[in-house]
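For reference, protein.pdb (PDB, C-alpha atoms):
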ATOM      1  CA  MET S   1       0.000   0.000   0.000
ATOM      2  CA  ARG S   2       1.164   3.529  -0.677
ATOM      3  CA  ARG S   3       1.505   4.783   2.872
ATOM      4  CA  GLY S   4       1.604   8.380   1.625
ATOM      5  CA  LEU S   5      -1.883   7.994   0.199
ATOM      6  CA  VAL S   6      -3.157   6.572   3.457
ATOM      7  CA  ALA S   7      -1.652   9.503   5.343
ATOM      8  CA  ILE S   8      -3.346  11.985   3.003
ATOM      9  CA  GLY S   9      -6.664  10.205   3.320
ATOM     10  CA  CYS S  10      -6.429  10.137   7.106
ATOM     11  CA  ALA S  11      -5.032  13.667   7.486
ATOM     12  CA  LEU S  12      -8.272  15.427   6.831
ATOM     13  CA  ILE S  13     -10.020  15.047  10.022
ATOM     14  CA  ALA S  14     -11.892  16.109  10.301
ATOM     15  CA  LEU S  15     -16.966  24.939  14.378
ATOM     16  CA  ALA S  16     -19.327  29.574  14.204
ATOM     17  CA  THR S  17     -22.603  30.003  15.915
ATOM     18  CA  LEU S  18     -26.051  31.449  15.345
ATOM     19  CA  PRO S  19     -27.986  33.875  17.537
ATOM     20  CA  ALA S  20     -29.762  32.105  20.361
ATOM     21  CA  ARG S  21     -33.316  30.987  19.746
ATOM     22  CA  ALA S  22     -35.855  28.875  21.545
ATOM     23  CA  ALA S  23     -34.611  25.367  22.160
ATOM     24  CA  GLY S  24     -36.959  22.603  21.017
ATOM     25  CA  ASP S  25     -36.888  18.862  21.398
ATOM     26  CA  ASP S  26     -36.781  17.928  17.708
ATOM     27  CA  ALA S  27     -33.511  16.191  16.795
ATOM     28  CA  ASP S  28     -33.776  17.187  13.120
ATOM     29  CA  ASP S  29     -34.090  20.848  14.107
ATOM     30  CA  TRP S  30     -30.999  20.669  16.311
ATOM     31  CA  LEU S  31     -29.030  19.040  13.516
ATOM     32  CA  GLN S  32     -30.111  21.791  11.127
ATOM     33  CA  ARG S  33     -29.169  24.510  13.616
ATOM     34  CA  MET S  34     -25.757  22.943  14.181
ATOM     35  CA  THR S  35     -25.109  22.575  10.452
ATOM     36  CA  GLU S  36     -25.864  26.269   9.982
ATOM     37  CA  SER S  37     -23.731  27.302  12.954
ATOM     38  CA  LEU S  38     -20.651  25.523  11.613
ATOM     39  CA  ALA S  39     -20.481  27.885   8.640
ATOM     40  CA  SER S  40     -22.090  31.118   9.804
ATOM     41  CA  LEU S  41     -20.052  33.396  12.121
ATOM     42  CA  ASN S  42     -16.605  34.081  13.541
ATOM     43  CA  TYR S  43     -14.990  31.865  16.175
ATOM     44  CA  ASP S  44     -11.583  30.954  17.596
ATOM     45  CA  GLY S  45     -11.042  27.846  19.707
ATOM     46  CA  LEU S  46      -8.687  25.186  21.011
ATOM     47  CA  PHE S  47      -9.655  21.549  20.959
ATOM     48  CA  THR S  48      -8.190  18.125  21.604
ATOM     49  CA  HIS S  49      -8.493  15.517  18.882
ATOM     50  CA  SER S  50      -8.225  11.955  20.226
ATOM     51  CA  SER S  51      -7.920   8.906  18.005
ATOM     52  CA  GLY S  52      -7.070   5.565  19.552
ATOM     53  CA  ALA S  53      -4.036   6.024  21.804
ATOM     54  CA  GLN S  54      -3.029   9.269  20.069
ATOM     55  CA  SER S  55      -4.074  12.777  21.056
ATOM     56  CA  GLU S  56      -3.391  16.131  19.405
ATOM     57  CA  THR S  57      -4.123  19.728  20.406
ATOM     58  CA  MET S  58      -5.287  22.016  17.612
ATOM     59  CA  ARG S  59      -6.476  25.559  17.065
ATOM     60  CA  ILE S  60      -9.323  26.446  14.713
ATOM     61  CA  VAL S  61     -10.011  29.994  13.455
ATOM     62  CA  HIS S  62     -13.103  30.699  11.359
ATOM     63  CA  ARG S  63     -13.912  34.084   9.809
ATOM     64  CA  VAL S  64     -16.857  35.171   7.674
ATOM     65  CA  GLU S  65     -16.921  38.424   5.721
ATOM     66  CA  ASN S  66     -19.484  39.452   3.116
ATOM     67  CA  GLY S  67     -20.942  35.975   3.212
ATOM     68  CA  ARG S  68     -17.622  34.261   2.388
ATOM     69  CA  SER S  69     -15.744  32.174   4.922
ATOM     70  CA  MET S  70     -12.064  31.532   5.518
ATOM     71  CA  GLU S  71     -10.620  29.046   7.965
ATOM     72  CA  ARG S  72      -7.317  28.014   9.527
ATOM     73  CA  LEU S  73      -6.569  24.764  11.366
ATOM     74  CA  VAL S  74      -3.219  24.484  13.190
ATOM     75  CA  SER S  75      -1.529  21.561  14.929
ATOM     76  CA  LEU S  76       0.025  22.746  18.215
ATOM     77  CA  ASP S  77       1.839  19.521  19.101
ATOM     78  CA  GLY S  78       5.056  19.655  17.127
ATOM     79  CA  SER S  79       4.352  18.823  13.482
ATOM     80  CA  GLY S  80       3.552  22.450  12.637
ATOM     81  CA  ARG S  81       1.060  21.333   9.998
ATOM     82  CA  GLU S  82      -1.631  23.802   9.024
ATOM     83  CA  ILE S  83      -4.672  23.881   6.767
ATOM     84  CA  VAL S  84      -5.853  27.239   5.422
ATOM     85  CA  ARG S  85      -9.070  27.406   3.454
ATOM     86  CA  THR S  86      -9.668  30.472   1.316
ATOM     87  CA  PRO S  87     -12.965  31.136  -0.489
ATOM     88  CA  GLU S  88     -11.555  29.349  -3.569
ATOM     89  CA  GLU S  89      -8.894  26.875  -2.382
ATOM     90  CA  VAL S  90      -7.616  24.697   0.475
ATOM     91  CA  HIS S  91      -3.884  24.839   1.282
ATOM     92  CA  PHE S  92      -2.245  21.990   3.254
ATOM     93  CA  TYR S  93       1.070  23.143   4.778
ATOM     94  CA  MET S  94       3.386  20.234   5.733
ATOM     95  CA  PRO S  95       6.692  21.580   7.125
ATOM     96  CA  ASP S  96       8.009  18.084   7.864
ATOM     97  CA  ARG S  97       7.792  17.274   4.139
ATOM     98  CA  ARG S  98       8.445  20.840   2.882
ATOM     99  CA  VAL S  99       5.351  20.570   0.737
ATOM    100  CA  VAL S 100       2.173  22.634   0.279
ATOM    101  CA  LEU S 101      -0.751  20.798  -1.299
ATOM    102  CA  VAL S 102      -3.402  22.969  -2.982
ATOM    103  CA  GLU S 103      -6.886  21.736  -3.824
ATOM    104  CA  PRO S 104     -10.038  23.494  -5.050
ATOM    105  CA  ARG S 105     -12.496  24.248  -2.268
ATOM    106  CA  SER S 106     -15.505  21.966  -2.507
ATOM    107  CA  ASP S 107     -18.033  23.331   0.023
ATOM    108  CA  ASP S 108     -18.999  26.170   2.359
ATOM    109  CA  GLY S 109     -18.876  24.219   5.610
ATOM    110  CA  SER S 110     -16.120  23.913   8.199
ATOM    111  CA  LEU S 111     -12.820  22.037   8.242
ATOM    112  CA  LEU S 112     -14.234  20.281  11.276
ATOM    113  CA  ARG S 113     -16.896  17.663  10.729
ATOM    114  CA  ALA S 114     -19.822  19.150   8.814
ATOM    115  CA  LEU S 115     -23.122  17.307   8.897
ATOM    116  CA  PRO S 116     -25.847  17.354   6.230
ATOM    117  CA  SER S 117     -29.245  18.910   6.667
ATOM    118  CA  PRO S 118     -31.930  16.491   7.851
ATOM    119  CA  GLY S 119     -34.126  14.973   5.181
ATOM    120  CA  PRO S 120     -35.498  11.744   3.722
ATOM    121  CA  LYS S 121     -32.084  10.485   2.560
ATOM    122  CA  LEU S 122     -30.500  10.983   5.971
ATOM    123  CA  GLU S 123     -33.463   9.363   7.693
ATOM    124  CA  ALA S 124     -33.139   6.344   5.385
ATOM    125  CA  LEU S 125     -29.556   5.757   6.601
ATOM    126  CA  TYR S 126     -29.580   6.985  10.220
ATOM    127  CA  THR S 127     -31.840   7.452  13.224
ATOM    128  CA  LEU S 128     -31.593  10.620  15.347
ATOM    129  CA  SER S 129     -32.377  11.068  19.037
ATOM    130  CA  LEU S 130     -31.951  13.944  21.496
ATOM    131  CA  ARG S 131     -31.428  14.063  25.251
ATOM    132  CA  LYS S 132     -30.289  16.395  28.013
ATOM    133  CA  GLY S 133     -26.549  16.339  28.756
ATOM    134  CA  THR S 134     -24.175  17.536  31.470
ATOM    135  CA  ARG S 135     -22.616  20.997  31.202
ATOM    136  CA  LEU S 136     -19.492  21.618  29.107
ATOM    137  CA  LEU S 137     -17.384  24.800  29.210
ATOM    138  CA  GLY S 138     -19.950  26.174  31.663
ATOM    139  CA  ARG S 139     -22.781  25.789  29.127
ATOM    140  CA  ASP S 140     -25.936  23.679  29.176
ATOM    141  CA  VAL S 141     -25.923  21.112  26.385
ATOM    142  CA  ARG S 142     -28.157  18.706  24.479
ATOM    143  CA  VAL S 143     -26.716  15.385  23.294
ATOM    144  CA  LEU S 144     -27.610  14.387  19.737
ATOM    145  CA  ASP S 145     -27.130  10.706  18.872
ATOM    146  CA  ILE S 146     -26.925   9.790  15.180
ATOM    147  CA  LYS S 147     -27.072   6.009  14.736
ATOM    148  CA  PRO S 148     -26.644   4.160  11.421
ATOM    149  CA  ARG S 149     -29.293   1.703  10.271
ATOM    150  CA  ASP S 150     -26.651  -0.763   9.002
ATOM    151  CA  GLY S 151     -23.021  -1.710   9.515
ATOM    152  CA  TYR S 152     -21.574   0.256   6.592
ATOM    153  CA  ARG S 153     -21.171   3.550   8.472
ATOM    154  CA  TYR S 154     -20.293   4.816  11.934
ATOM    155  CA  GLY S 155     -22.514   6.619  14.379
ATOM    156  CA  TYR S 156     -21.927  10.051  15.925
ATOM    157  CA  ARG S 157     -22.599  11.577  19.338
ATOM    158  CA  LEU S 158     -22.661  15.381  19.564
ATOM    159  CA  TRP S 159     -22.821  17.666  22.605
ATOM    160  CA  LEU S 160     -24.559  20.867  21.429
ATOM    161  CA  ASP S 161     -24.619  24.184  23.286
ATOM    162  CA  GLU S 162     -28.263  24.853  24.174
ATOM    163  CA  GLN S 163     -28.025  28.546  23.309
ATOM    164  CA  THR S 164     -26.272  28.307  19.961
ATOM    165  CA  ALA S 165     -26.331  24.612  18.883
ATOM    166  CA  MET S 166     -22.537  24.765  18.816
ATOM    167  CA  PRO S 167     -20.941  21.267  18.943
ATOM    168  CA  LEU S 168     -18.677  21.513  22.004
ATOM    169  CA  ARG S 169     -17.754  17.842  21.806
ATOM    170  CA  SER S 170     -18.208  15.199  19.129
ATOM    171  CA  GLU S 171     -17.507  11.472  19.032
ATOM    172  CA  VAL S 172     -17.351   8.884  16.289
ATOM    173  CA  VAL S 173     -18.810   5.650  17.666
ATOM    174  CA  ASN S 174     -18.670   2.089  16.359
ATOM    175  CA  GLY S 175     -21.456  -0.459  16.179
ATOM    176  CA  ASP S 176     -21.073  -1.196  19.900
ATOM    177  CA  GLY S 177     -21.531   2.482  20.787
ATOM    178  CA  LYS S 178     -17.865   2.847  21.812
ATOM    179  CA  ALA S 179     -16.098   6.115  20.958
ATOM    180  CA  ILE S 180     -13.195   5.539  18.560
ATOM    181  CA  GLU S 181     -12.441   9.201  17.840
ATOM    182  CA  ALA S 182     -13.340  12.443  19.623
ATOM    183  CA  ILE S 183     -13.025  16.220  19.357
ATOM    184  CA  HIS S 184     -13.358  18.127  22.635
ATOM    185  CA  PHE S 185     -13.128  21.920  22.881
ATOM    186  CA  THR S 186     -11.162  23.292  25.827
ATOM    187  CA  ARG S 187     -11.603  26.951  24.849
ATOM    188  CA  LEU S 188     -14.066  28.590  22.478
ATOM    189  CA  GLU S 189     -14.654  32.265  21.731
ATOM    190  CA  VAL S 190     -17.563  33.120  19.459
ATOM    191  CA  GLY S 191     -18.627  36.314  17.729
ATOM    192  CA  ASN S 192     -15.432  38.313  18.247
ATOM    193  CA  ARG S 193     -13.880  40.208  15.384
ATOM    194  CA  ILE S 194     -11.159  38.171  13.662
ATOM    195  CA  GLY S 195      -8.623  40.066  11.558
ATOM    196  CA  PRO S 196      -7.201  38.784   8.265
ATOM    197  CA  ARG S 197      -3.789  38.143   9.859
ATOM    198  CA  GLU S 198      -5.289  35.411  12.047
ATOM    199  CA  LEU S 199      -5.881  33.397   8.853
ATOM    200  CA  GLU S 200      -2.284  33.660   7.630
ATOM    201  CA  PRO S 201      -0.137  30.518   8.043
ATOM    202  CA  ALA S 202       2.788  30.653  10.458
ATOM    203  CA  VAL S 203       4.824  28.341   8.232
ATOM    204  CA  ASP S 204       7.796  29.803   6.342
ATOM    205  CA  THR S 205       7.347  28.216   2.906
ATOM    206  CA  ALA S 206      10.685  29.282   1.436
ATOM    207  CA  GLY S 207      12.001  26.357  -0.602
ATOM    208  CA  PHE S 208       8.757  24.387  -0.303
ATOM    209  CA  GLN S 209       7.270  22.434  -3.214
ATOM    210  CA  TRP S 210       3.767  23.606  -4.174
ATOM    211  CA  VAL S 211       1.600  20.812  -5.579
ATOM    212  CA  ARG S 212      -1.758  21.631  -7.155
ATOM    213  CA  SER S 213      -4.372  18.959  -7.800
ATOM    214  CA  GLY S 214      -6.436  18.876 -10.971
ATOM    215  CA  ASN S 215      -9.752  20.668 -11.131
ATOM    216  CA  ARG S 216     -12.783  18.861  -9.833
ATOM    217  CA  ALA S 217     -14.907  17.130 -12.411
ATOM    218  CA  GLU S 218     -18.491  16.002 -12.614
ATOM    219  CA  PRO S 219     -19.253  12.412 -11.566
ATOM    220  CA  ARG S 220     -18.374  10.043 -14.383
ATOM    221  CA  VAL S 221     -16.684   6.750 -15.166
ATOM    222  CA  ALA S 222     -13.127   6.900 -13.897
ATOM    223  CA  LYS S 223     -10.530   7.724 -16.508
ATOM    224  CA  GLY S 224      -8.279   4.974 -17.793
ATOM    225  CA  GLY S 225     -11.049   2.479 -18.620
ATOM    226  CA  TRP S 226     -12.440   1.948 -15.105
ATOM    227  CA  GLN S 227     -16.029   1.510 -14.044
ATOM    228  CA  VAL S 228     -17.889   1.391 -10.737
ATOM    229  CA  GLN S 229     -19.840  -1.752  -9.954
ATOM    230  CA  ARG S 230     -22.105  -2.286  -6.969
ATOM    231  CA  VAL S 231     -21.153  -0.286  -3.858
ATOM    232  CA  PRO S 232     -22.542  -0.454  -0.290
ATOM    233  CA  PRO S 233     -26.115   0.831   0.150
ATOM    234  CA  GLY S 234     -26.490   4.607   0.105
ATOM    235  CA  PHE S 235     -23.041   5.343  -1.349
ATOM    236  CA  ARG S 236     -22.523   6.814  -4.809
ATOM    237  CA  LEU S 237     -19.704   8.318  -6.833
ATOM    238  CA  VAL S 238     -19.844  12.105  -6.331
ATOM    239  CA  ALA S 239     -16.562  13.335  -7.856
ATOM    240  CA  THR S 240     -13.507  12.255  -9.809
ATOM    241  CA  ARG S 241     -10.252  14.090 -10.395
ATOM    242  CA  VAL S 242      -6.650  13.552 -11.437
ATOM    243  CA  GLN S 243      -4.315  14.406  -8.559
ATOM    244  CA  VAL S 244      -0.569  14.804  -8.140
ATOM    245  CA  VAL S 245       0.696  13.142  -4.947
ATOM    246  CA  PRO S 246       4.226  13.786  -3.617
ATOM    247  CA  GLY S 247       6.339  10.638  -3.866
ATOM    248  CA  VAL S 248       4.199   9.101  -6.600
ATOM    249  CA  PRO S 249       5.852   9.462 -10.046
ATOM    250  CA  VAL S 250       2.616   9.774 -12.059
ATOM    251  CA  PRO S 251      -0.725  11.497 -11.352
ATOM    252  CA  VAL S 252      -3.285   9.268  -9.644
ATOM    253  CA  HIS S 253      -7.016   9.027 -10.200
ATOM    254  CA  HIS S 254      -8.937  10.195  -7.117
ATOM    255  CA  LEU S 255     -12.583   9.139  -6.779
ATOM    256  CA  ILE S 256     -14.870  10.257  -3.952
ATOM    257  CA  PHE S 257     -17.867   8.216  -2.799
ATOM    258  CA  SER S 258     -20.411   9.554  -0.310
ATOM    259  CA  ASP S 259     -23.725   8.671   1.270
ATOM    260  CA  GLY S 260     -24.348  12.368   1.960
ATOM    261  CA  PHE S 261     -22.812  11.982   5.417
ATOM    262  CA  ALA S 262     -19.725   9.758   5.356
ATOM    263  CA  SER S 263     -17.243   9.775   2.465
ATOM    264  CA  VAL S 264     -14.588   7.457   1.038
ATOM    265  CA  SER S 265     -11.639   8.481  -1.156
ATOM    266  CA  VAL S 266     -10.289   5.980  -3.676
ATOM    267  CA  PHE S 267      -6.865   6.390  -5.319
ATOM    268  CA  ILE S 268      -5.930   4.425  -8.457
ATOM    269  CA  GLU S 269      -2.313   4.280  -9.631
ATOM    270  CA  PRO S 270      -0.181   1.926 -11.742
ATOM    271  CA  GLY S 271       0.895  -1.208  -9.919
ATOM    272  CA  PRO S 272       4.525  -2.125  -9.160
ATOM    273  CA  ALA S 273       6.624  -3.879 -11.792
ATOM    274  CA  THR S 274       7.252  -6.740  -9.368
ATOM    275  CA  GLY S 275       3.704  -7.992  -9.857
ATOM    276  CA  PRO S 276       0.582  -8.328  -7.661
ATOM    277  CA  ALA S 277       0.811  -8.148  -3.883
ATOM    278  CA  PRO S 278      -1.774  -9.401  -1.358
ATOM    279  CA  PRO S 279      -4.463  -6.947  -0.196
ATOM    280  CA  GLU S 280      -3.575  -4.787   2.817
ATOM    281  CA  SER S 281      -5.683  -3.128   5.492
ATOM    282  CA  ALA S 282      -4.893  -0.365   7.986
ATOM    283  CA  THR S 283      -6.807   1.381  10.769
ATOM    284  CA  VAL S 284      -6.050   4.737  12.413
ATOM    285  CA  GLY S 285      -8.737   5.802  14.888
ATOM    286  CA  SER S 286     -12.017   5.918  12.978
ATOM    287  CA  ALA S 287     -10.278   5.861   9.566
ATOM    288  CA  ASN S 288      -9.849   2.617   7.666
ATOM    289  CA  ALA S 289      -7.883   1.899   4.505
ATOM    290  CA  PHE S 290      -7.905  -1.050   2.124
ATOM    291  CA  SER S 291      -5.504  -1.554  -0.778
ATOM    292  CA  THR S 292      -5.615  -4.193  -3.484
ATOM    293  CA  GLN S 293      -4.394  -4.695  -7.049
ATOM    294  CA  VAL S 294      -6.843  -4.844  -9.932
ATOM    295  CA  GLY S 295      -5.988  -4.934 -13.619
ATOM    296  CA  GLY S 296      -2.338  -4.034 -13.035
ATOM    297  CA  HIS S 297      -3.238  -1.039 -10.835
ATOM    298  CA  VAL S 298      -3.161  -0.386  -7.089
ATOM    299  CA  VAL S 299      -6.589   0.621  -5.767
ATOM    300  CA  THR S 300      -6.585   2.203  -2.284
ATOM    301  CA  ALA S 301      -9.793   3.209  -0.479
ATOM    302  CA  VAL S 302      -9.631   5.416   2.653
ATOM    303  CA  GLY S 303     -12.427   6.829   4.797
ATOM    304  CA  GLU S 304     -13.938   7.346   8.243
ATOM    305  CA  VAL S 305     -16.145   4.305   7.789
ATOM    306  CA  PRO S 306     -15.989   0.653   8.941
ATOM    307  CA  ALA S 307     -13.379  -1.602   7.362
ATOM    308  CA  ALA S 308     -16.019  -3.502   5.357
ATOM    309  CA  THR S 309     -17.062  -0.297   3.593
ATOM    310  CA  VAL S 310     -13.622   0.663   2.246
ATOM    311  CA  ARG S 311     -13.020  -2.951   1.269
ATOM    312  CA  ASP S 312     -16.257  -3.289  -0.687
ATOM    313  CA  ILE S 313     -15.844   0.081  -2.416
ATOM    314  CA  ALA S 314     -12.263  -0.750  -3.473
ATOM    315  CA  LEU S 315     -13.406  -4.101  -4.816
ATOM    316  CA  SER S 316     -16.307  -2.473  -6.692
ATOM    317  CA  LEU S 317     -13.877  -0.850  -9.163
ATOM    318  CA  ALA S 318     -12.837  -2.828 -12.215
ATOM    319  CA  PRO S 319     -11.524  -2.290 -15.734
ATOM    320  CA  ILE S 320     -14.367  -1.881 -18.201
ATOM    321  CA  ASP S 321     -13.796  -5.298 -19.799
ATOM    322  CA  VAL S 322     -14.078  -6.941 -16.350
ATOM    323  CA  ALA S 323     -16.903  -4.679 -15.178
ATOM    324  CA  ALA S 324     -18.990  -5.760 -18.160
ATOM    325  CA  SER S 325     -19.636  -9.049 -16.349
ATOM    326  CA  PRO S 326     -22.297  -9.184 -13.592
ATOM    327  CA  ALA S 327     -21.150  -7.772 -10.260
ATOM    328  CA  LYS S 328     -21.080  -9.994  -7.214
ATOM    329  CA  PRO S 329     -23.509  -9.085  -4.420
ATOM    330  CA  VAL S 330     -22.097  -7.066  -1.531
ATOM    331  CA  SER S 331     -22.343  -8.871   1.796
ATOM    332  CA  GLU S 332     -23.548  -6.501   4.508
ATOM    333  CA  PRO S 333     -21.612  -6.476   7.795
ATOM    334  CA  LYS S 334     -23.471  -6.963  11.038
ATOM    335  CA  ASN S 335     -24.517  -3.828  12.912
ATOM    336  CA  HIS S 336     -24.252  -4.550  16.623
TER     337      HIS S 336
END
Can you turn what I pasted into structure tokens?
Amino acid sequence: MRRGLVAIGCALIALATLPARAAGDDADDWLQRMTESLASLNYDGLFTHSSGAQSETMRIVHRVENGRSMERLVSLDGSGREIVRTPEEVHFYMPDRRVVLVEPRSDDGSLLRALPSPGPKLEALYTLSLRKGTRLLGRDVRVLDIKPRDGYRYGYRLWLDEQTAMPLRSEVVNGDGKAIEAIHFTRLEVGNRIGPRELEPAVDTAGFQWVRSGNRAEPRVAKGGWQVQRVPPGFRLVATRVQVVPGVPVPVHHLIFSDGFASVSVFIEPGPATGPAPPESATVGSANAFSTQVGGHVVTAVGEVPAATVRDIALSLAPIDVAASPAKPVSEPKNH
């Protein structure tokens, strides 16, 4: 497996508030309020990101001006890595590799986990429930539980500020309800004026390599004679692009699958000259990766989804001549 691809897929880990309004007991309404708050106003906060045995302290700065948002995410624990999102692009600063990756911006949400608006599609995949929670950062909270209806996606538990619907803590939970990844704010300031300098990276990029990915494209059959067969329920191909990855000699095909909530990135690159290797799997916190060789290419799927999901999506891709034959049914994992 190309470990660099896994690192890129796992790197994106991946909060603004609204004026207070009357708090109701409808879970869909709280989800909608939170989704809006993630992208609406200025905020500056520190949070701890925990994944397995690893923990990292980060700072998030979010600024909105004239309806356009900018954001900066900074690691405070030694790596010096930063992500800066402008209205048009996302810049990934990696001082340890002396590289800056640049990608087109794809949405108006936050670099932290953004959730979709409630609706029939979400309700078909997840169930939502709301309950009273204990205070966090001196604020009363409601706890929103989002549970998947099958074993192809994780669940989420969110502690929302009662006044603003701000997510003060969030957890990714497995089928047993156990937290496998968490974000917990230790400081959060909302509504203050944030100057443009707060969005400037602290990294000195002199001598760095700048790598720009290809422009996003509409969903289509992957280039190079590849086709998507049957994928897990609810997932569909939402974007394809050609992307340059440091350390990989040729551009790779990058496909993105989503169920409107969780997403999986798939990278396709030429296989090694030494011939096929056995499939490989890797897990980092809530992120899983699966790599296999198909038609002389290495196919690597990465996402914050159960291991069965990345495996089945990777195996759903095939050269057109192979994909012309009937696809094998996808066996659904058990949801405990």
How would you write, as a PyMOL selection string, the residues chosen by the PyMOL selection byres ((chain S and resi 279) around 12) on this structure? chain S and resi 1-2+276-278+280-282+289-294+298-301+311+314-315
Around the point (-16.4, 8.4, 4.4) (coordinates from the file), which residues reach within 8 Å if we count all atoms listed in the file? Answer as a list in words. Arg153, Phe257, Ser258, Asp259, Phe261, Ala262, Ser263, Val264, Ser265, Val302, Gly303, Glu304 and Val305 of chain S
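Nearest-residue note for Glu82 in chain S: choosing from S:Val310, S:Ala202, S:Leu317, S:Leu237, the minimum distance belongs to S:Ala202, counting only C-alpha atoms.
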CA of Asn42 in chain S and CA of Arg131 in chain S are how many Å apart? 27.5 Å
Would you work out the distance separating CA of Tyr152 in chain S from CA of Ser129 in chain S, expressed in Å to one decimal?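 Atom-to-atom, CA of Tyr152 in chain S and CA of Ser129 in chain S are spaced 19.7 Å apart.
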